[in-house]
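Worksheet: one structure, shown below.
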Amino acid sequence: MKARFVSTGLAVLLIVGFGVVAMRADHFDQASPEQSRIQIGYRYAYSQGIKLDLAGKNRASVGLGSYLVNGVGGCNDCHTAPPYTKDPEAFLGAPKQINVACYLAGGTEFGPFVSRDITPWENGKPAGLTFAQFKHLIRTGEDPDNPGQVLHVMPWPVYQTMSDHDLRAVYDYLSAIPAIPANTCGTPSE
């Protein structure tokens with residue numbers, strides 16, 4: 001009887017142990033939420049034909065930045081003029097095709113304001129800004145061209161509470177996208 005009890009106990013212990021190992025292995029097979037967002041970011045950029053320069057860049061941060069810029073932030077809607085070559089609204093939900101030739105190069109007019117070029121400028125920095133300047137702009141809304149004045153159209157209050165990690169990812173992605181020659185797609189100002 002005692003041997004049977006010990007055998008049953010060992011069997012239960014083995015089954016539970018294998019179950020825990022299987023659950024842990026299953027956990028490692030599934031991508032973390034951040035890994036999923038990184039993969040979605042890359043899939044979106046490549047499906048739209050955005051050529052990324054990943055040399056010397058943190059690939060995970062660039063992928064997450066793509067997810068945040070394209071899947072969450074809607075940056076293309078204001079910073080690309082016009083935003084789409086195949087507009088999903090005009091075709092009742094048809095797949096969108098962003099305007100890669102002017103992707104994030106600014107030029108959308110909002111009354112007296114024009115959206116800013118946020119592609120890498122001659123210095124290789126998005127909108128010509130260092131990360132510290134970019135973070136300051138997003139946190140405060142202060143216009144880098146007019147210190148002491150607030151950007152009037154940019155919805156910075158929506159983005160100002162993003163984590164430093166996420167803002168770094170956005171910056172890294174914007175550093176990796178193609179630079180658009182100045183004045184190709186409009187006059188950048190805000």
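Please note that chains go A, B, ... in the order of the structure tokens, that every chain numbers its residues from 1, and that ligands are numbered from 1 in the order shown.
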DSSP-assigned strand (DSSP E or B) members of range 11-150 of chain A, reported as a list in words: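 Filtering range 11-150 of chain A down to strand (DSSP E or B) leaves Thr80, Tyr84, Thr85, Lys86, Gln97, Ile98, Gly106, Glu109, Phe110, Phe113, Val114, Pro120, Pro126, Glu142 and Val150 of chain A.
The list of residues with at least one atom within 8 Å of range 69-74 of chain A, based on only C-alpha atoms and without residues fewer than 6 positions apart in the same chain, reads A:Gly41, A:Tyr44, A:Val170.
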Could the residues in this selection be saved with C-alpha atoms as an mmCIF file, in the first residue's frame?
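Result went into again.cif, see below:
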data_model
loop_
_atom_site.group_PDB
_atom_site.id
_atom_site.type_symbol
_atom_site.label_atom_id
_atom_site.label_comp_id
_atom_site.auth_asym_id
_atom_site.auth_seq_id
_atom_site.Cartn_x
_atom_site.Cartn_y
_atom_site.Cartn_z
ATOM 1 C CA GLY A 41 6.030 47.853 -36.635
ATOM 2 C CA TYR A 44 3.910 47.713 -41.470
ATOM 3 C CA VAL A 170 9.801 56.992 -31.847
#
Shell of 10 Å around Ser36 in chain A, only C-alpha atoms, local chain residues under 4 positions omitted, as a PyMOL selection string: chain A and resi 30-32+40-41+63-64+67
Write a file of the selected residues as a PDB file, in the first residue's frame, keeping N, CA and C atoms.
ATOM      1  N   GLN A  30       5.841  32.052 -27.273  1.00  0.00           N
ATOM      2  CA  GLN A  30       4.986  33.184 -27.619  1.00  0.00           C
ATOM      3  C   GLN A  30       5.777  34.479 -27.457  1.00  0.00           C
ATOM      4  N   ALA A  31       5.588  35.376 -28.368  1.00  0.00           N
ATOM      5  CA  ALA A  31       6.273  36.667 -28.299  1.00  0.00           C
ATOM      6  C   ALA A  31       5.671  37.493 -27.172  1.00  0.00           C
ATOM      7  N   SER A  32       6.510  38.252 -26.494  1.00  0.00           N
ATOM      8  CA  SER A  32       6.020  39.163 -25.465  1.00  0.00           C
ATOM      9  C   SER A  32       5.212  40.259 -26.156  1.00  0.00           C
ATOM     10  N   ILE A  40       5.028  43.928 -35.529  1.00  0.00           N
ATOM     11  CA  ILE A  40       3.983  44.645 -36.265  1.00  0.00           C
ATOM     12  C   ILE A  40       4.569  45.918 -36.883  1.00  0.00           C
ATOM     13  N   GLY A  41       5.409  46.628 -36.129  1.00  0.00           N
ATOM     14  CA  GLY A  41       6.030  47.853 -36.635  1.00  0.00           C
ATOM     15  C   GLY A  41       6.866  47.597 -37.878  1.00  0.00           C
ATOM     16  N   GLY A  63      11.797  49.118 -34.464  1.00  0.00           N
ATOM     17  CA  GLY A  63      10.544  48.405 -34.734  1.00  0.00           C
ATOM     18  C   GLY A  63       9.410  48.897 -33.846  1.00  0.00           C
ATOM     19  N   LEU A  64       9.692  49.090 -32.559  1.00  0.00           N
ATOM     20  CA  LEU A  64       8.676  49.615 -31.648  1.00  0.00           C
ATOM     21  C   LEU A  64       8.284  51.027 -32.071  1.00  0.00           C
ATOM     22  N   TYR A  67       5.842  50.941 -34.841  1.00  0.00           N
ATOM     23  CA  TYR A  67       4.510  50.607 -34.325  1.00  0.00           C
ATOM     24  C   TYR A  67       3.843  51.852 -33.724  1.00  0.00           C
TER      25      TYR A  67
END
Run DSSP on the backbone and give me the residues of range 55-182 of chain A it puts in alpha helix (DSSP H), as a ChimeraX atom specification. /A:59-66,75-79,131-140,156-159,164-176
Which residues are close to range 98-109 of chain A, i.e. within 12 Å by only C-alpha atoms, leaving aside same-chain residues fewer than 4 positions away? Reply as a count of residues only. 56
